[in-house]
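Written out below as structure tokens is the structure these notes cover.
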Amino acid sequence: MKTETVYKPTHGLTDRDLSYCPGCTHGIIHKLVGEVLVEKGLLDEAVGVASVGCSVLSYEFFNCDMHQAAHGRAPAVATGIKRVRPEHAVFTYQGDGDLASIGLSEVVHAAHRGENITVIFVNNAIYGMTGGQMAPTTLIDQKTTTSPLGRKKEGAGEPIRISEMLATIPGAAYLERVSVHDPKHIRKAKKAIEKAFDAQMNKQGFTLVEFISTCPINWGMNPKDSIDWSVEHMIPYYPLGVFKDKTKGDSDD
């Protein structure tokens with residue numbers, strides 16, 4: 001009997017097995033970015049920049065040219081690549097411990113300059129690779145290895161909302177926060193990636209897609225519970241949606 005192929009992995013990713021922990025949604029996000037690069041015809045012209053943290057592994061998996069950046073410096077490296085090779089689709093792939101902490105000034109200034117790059121920002125509210133420490137995005141009362149009694153507003157302040165902050169910057173062209181906790185939201189997340197790359201290739205400025213993600217191991221949960229926790233606790237504080245879209249003619253007011 002003749003068999004018919006109904007699904008095959010995207011050519012946007014290499015054949016290497018993903019090495020992320022079970023239940024981590026990095027794999028889903030990788031797949032979506034890879035699919036968009038292929039479907040937009042950008043894969044051969046794409047250049048990705050991996051920073052430090054779990055995101056550093058992305059250079060093993062994206063089937064395009066990849067660079068390694070120092071901790072938090074991916075937007076600066078991407079800026080240099082894009083200015084030298086403006087015809088390429090240049091993106092960074094960064095976690096919250098990287099982007100929202102040591103790399104915060106890099107992403108803020110890249111947005112201020114209106115650099116024509118796309119940032120894929122994975123927010124799981126914790127330092128995943130280095131042992132589960134409190135991150136700038138860790139929620140109030142969330143327990144980590146460095147906040148065993150839970151994060152407290154007194155002393156640690158409120159968690160940073162990156163998309164909302166960058167939305168105040170004139171050079172930012174498109175900012176959206178998405179989630180990949182179910183098929184409906186996975187499809188919406190893919191559309192956000194498509195729009196970000198479209199804006200970049202149309203030379204409209206800085207774009208960022210923020211993903212609400214999970215870290216089952218450091219959260220001390222099984223994969224199913226971590227997905228539920230992200231919906232019940234993270235999304236209320238980090239609401240999904242478009243925070244800026246100058247591609248539609250939105251003003252900066």
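Naming works like this for the structure tokens: A, B, ... for the chains as they're shown, residue 1 at the start of each chain, ligands 1 onward in shown order.
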Problem set entry | Polymer residues at most 7 Å from stretch 62-74 of chain A, only C-alpha atoms, same-chain spacing of 5 or more positions, as a VMD selection string | chain A and resid 12 to 14 34 43 to 44 46 to 52 92 98 to 99 102 to 103 106
Problem set entry | Selection near stretch 78-81 of chain A, 8 Å with only C-alpha atoms, sequence-local residues under 2 positions removed, as a PyMOL selection string | chain A and resi 48-49+74-76+83-86+90-92+110+115-117
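Among the candidates A:Lys143, A:Ala125, A:Ala156, A:Ala135, the one nearest to A:Gly220 when counting only C-alpha atoms is A:Lys143.
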Problem set entry | Shell of 12 Å around A:Val108, only C-alpha atoms, local chain residues under 5 positions omitted, as an NGL selection string | :A and (72-73 or 75-76 or 99-103 or 113-115 or 119 or 162-172 or 206-208)
Next, the residues of the selection above should be written as a compact mmCIF listing (two decimals), in the first residue's frame with N, CA and C atoms.
```txt
# COMPACT_ATOMS: atom_id res chain seq x y z
N GLY A 72 24.06 38.82 26.62
CA GLY A 72 23.27 40.03 26.49
C GLY A 72 23.58 40.88 25.28
N ARG A 73 24.60 40.51 24.51
CA ARG A 73 25.08 41.39 23.44
C ARG A 73 24.53 41.04 22.06
N PRO A 75 21.76 41.84 20.42
CA PRO A 75 21.29 42.96 19.58
C PRO A 75 22.42 43.79 18.98
N ALA A 76 23.53 43.93 19.71
CA ALA A 76 24.67 44.68 19.17
C ALA A 76 25.31 43.92 18.01
N LEU A 99 18.27 38.82 27.96
CA LEU A 99 17.78 40.08 27.39
C LEU A 99 17.37 41.09 28.45
N ALA A 100 16.67 40.63 29.49
CA ALA A 100 16.07 41.57 30.45
C ALA A 100 17.01 41.94 31.59
N SER A 101 18.19 41.33 31.64
CA SER A 101 19.13 41.64 32.72
C SER A 101 20.39 42.26 32.14
N ILE A 102 21.43 41.46 31.92
CA ILE A 102 22.69 42.02 31.45
C ILE A 102 22.56 42.65 30.06
N GLY A 103 21.58 42.18 29.28
CA GLY A 103 21.42 42.70 27.92
C GLY A 103 20.35 43.76 27.77
N ARG A 113 17.50 53.17 18.34
CA ARG A 113 18.11 53.49 17.06
C ARG A 113 17.25 53.04 15.89
N GLY A 114 16.21 52.27 16.19
CA GLY A 114 15.35 51.76 15.13
C GLY A 114 16.07 50.74 14.24
N GLU A 115 16.97 49.96 14.87
CA GLU A 115 17.71 48.97 14.09
C GLU A 115 16.75 48.00 13.41
N VAL A 119 13.92 40.53 17.09
CA VAL A 119 14.32 39.86 18.32
C VAL A 119 13.25 38.83 18.70
N ILE A 162 8.92 43.77 29.43
CA ILE A 162 9.78 44.25 28.35
C ILE A 162 8.97 44.85 27.21
N SER A 163 7.95 44.15 26.75
CA SER A 163 7.20 44.65 25.58
C SER A 163 6.55 45.99 25.86
N GLU A 164 5.97 46.14 27.05
CA GLU A 164 5.35 47.40 27.40
C GLU A 164 6.38 48.53 27.47
N MET A 165 7.55 48.23 28.01
CA MET A 165 8.59 49.24 28.11
C MET A 165 9.09 49.67 26.73
N LEU A 166 9.36 48.71 25.86
CA LEU A 166 9.87 49.03 24.53
C LEU A 166 8.82 49.75 23.68
N ALA A 167 7.55 49.56 24.02
CA ALA A 167 6.49 50.22 23.25
C ALA A 167 6.55 51.74 23.37
N THR A 168 7.24 52.24 24.38
CA THR A 168 7.36 53.70 24.55
C THR A 168 8.47 54.29 23.68
N ILE A 169 9.21 53.44 22.98
CA ILE A 169 10.38 53.89 22.23
C ILE A 169 10.00 54.15 20.77
N PRO A 170 10.29 55.33 20.25
CA PRO A 170 9.89 55.68 18.88
C PRO A 170 10.44 54.74 17.81
N GLY A 171 11.66 54.22 18.00
CA GLY A 171 12.26 53.39 16.97
C GLY A 171 11.68 52.00 16.85
N ALA A 172 10.90 51.58 17.84
CA ALA A 172 10.28 50.25 17.79
C ALA A 172 9.12 50.26 16.80
N PHE A 206 12.79 48.29 14.14
CA PHE A 206 13.01 47.27 15.16
C PHE A 206 11.74 46.48 15.46
N THR A 207 11.85 45.17 15.50
CA THR A 207 10.71 44.32 15.81
C THR A 207 11.09 43.30 16.88
N LEU A 208 10.13 42.97 17.73
CA LEU A 208 10.35 41.98 18.79
C LEU A 208 9.07 41.18 19.01
```
Exercise. Within 10 Å of A:Tyr174, counting only C-alpha atoms, which residues qualify if same-chain residues fewer than 5 places away don't, as a ChimeraX atom specification?
Worked result: /A:118,163,166-167,192,195-197,199-200,204-209,242-248,250
I need the chosen residues saved as a short mmCIF file (atom, residue, chain, number, x, y, z; two decimals), in the first residue's frame, with C-alpha atoms.
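result_25.cif was written with the following content:
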```
data_model
loop_
_atom_site.label_atom_id
_atom_site.label_comp_id
_atom_site.auth_asym_id
_atom_site.auth_seq_id
_atom_site.Cartn_x
_atom_site.Cartn_y
_atom_site.Cartn_z
CA THR A 118 14.00 41.04 14.73
CA SER A 163 7.20 44.65 25.58
CA LEU A 166 9.87 49.03 24.53
CA ALA A 167 6.49 50.22 23.25
CA ALA A 192 3.41 37.38 14.89
CA LYS A 195 4.69 40.02 10.71
CA ALA A 196 7.96 40.81 12.47
CA PHE A 197 10.05 39.48 9.60
CA ALA A 199 8.37 44.52 8.82
CA GLN A 200 12.12 43.94 8.89
CA GLN A 204 10.25 49.43 8.90
CA GLY A 205 12.49 49.23 11.97
CA PHE A 206 13.01 47.27 15.16
CA THR A 207 10.71 44.32 15.81
CA LEU A 208 10.35 41.98 18.79
CA VAL A 209 8.12 38.99 19.50
CA VAL A 242 0.20 43.71 20.18
CA PHE A 243 1.87 46.55 22.07
CA LYS A 244 3.01 48.51 19.07
CA ASP A 245 2.42 48.24 15.35
CA LYS A 246 3.81 51.10 13.27
CA THR A 247 3.44 48.90 10.21
CA LYS A 248 -0.23 49.91 10.37
CA ASP A 250 0.28 53.66 14.64
#
```
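Between atom CA of A:Asp198 and atom CA of A:Ser179 there is a distance of 20.0 Å.
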Exercise. Restricting the calculation to only C-alpha atoms, which member of A:Lys31, A:His233, A:Lys2, A:Lys152 is positioned closest to A:Leu18?
Worked result: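 Among the listed residues, the smallest separation from A:Leu18 belongs to A:Lys31.
Distances here use only C-alpha atoms; by that measure, the residue among A:Val36, A:Ile140, A:Ile186, A:Met129 closest to A:Tyr20 is A:Met129.
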Exercise. Quick one: residues within 9 Å of A:Gly128, only C-alpha atoms counted, chain neighbours fewer than 2 positions away excluded, as number ranges by chain?
Worked result: A: 53-54, 95, 97, 124-126, 130-133, 215, 217-218
Write out, as a PDB file, in the first residue's frame, the residues just selected, with C-alpha atoms.
```pdb
ATOM      1  CA  GLY A  53      21.524  30.881  28.439  1.00  0.00           C
ATOM      2  CA  CYS A  54      19.358  28.053  27.137  1.00  0.00           C
ATOM      3  CA  GLY A  95      15.920  34.392  26.951  1.00  0.00           C
ATOM      4  CA  GLY A  97      17.820  36.176  31.927  1.00  0.00           C
ATOM      5  CA  ASN A 124      10.103  31.872  31.231  1.00  0.00           C
ATOM      6  CA  ALA A 125      10.518  34.072  34.314  1.00  0.00           C
ATOM      7  CA  ILE A 126      13.711  32.393  35.520  1.00  0.00           C
ATOM      8  CA  THR A 130      22.458  28.348  35.293  1.00  0.00           C
ATOM      9  CA  GLY A 131      20.378  26.800  38.059  1.00  0.00           C
ATOM     10  CA  GLY A 132      17.019  28.507  38.367  1.00  0.00           C
ATOM     11  CA  GLN A 133      17.929  31.856  39.896  1.00  0.00           C
ATOM     12  CA  CYS A 215      10.789  25.934  32.537  1.00  0.00           C
ATOM     13  CA  ILE A 217      12.692  21.623  35.649  1.00  0.00           C
ATOM     14  CA  ASN A 218      13.500  24.857  37.472  1.00  0.00           C
TER      15      ASN A 218
END
```
For this session: Could you tell me how far atom CA of A:Val77 lies from atom CA of A:Asp17, in Å and to one decimal?
Result: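 Atom CA of A:Val77 sits 26.9 Å away from atom CA of A:Asp17.
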Exercise. So what do you get for atom CA of A:Asn123 versus atom CA of A:Val56, distance-wise?
Worked result: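 Interatomic distance here is 14.5 Å.
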For this session: Write out as a PyMOL selection string the residues lying within 12 Å of stretch 226-230 of chain A, counting only C-alpha atoms and excluding same-chain residues fewer than 6 positions away.
Result: chain A and resi 22-25+123-125+138-139+142+178-182+211-220+236-240
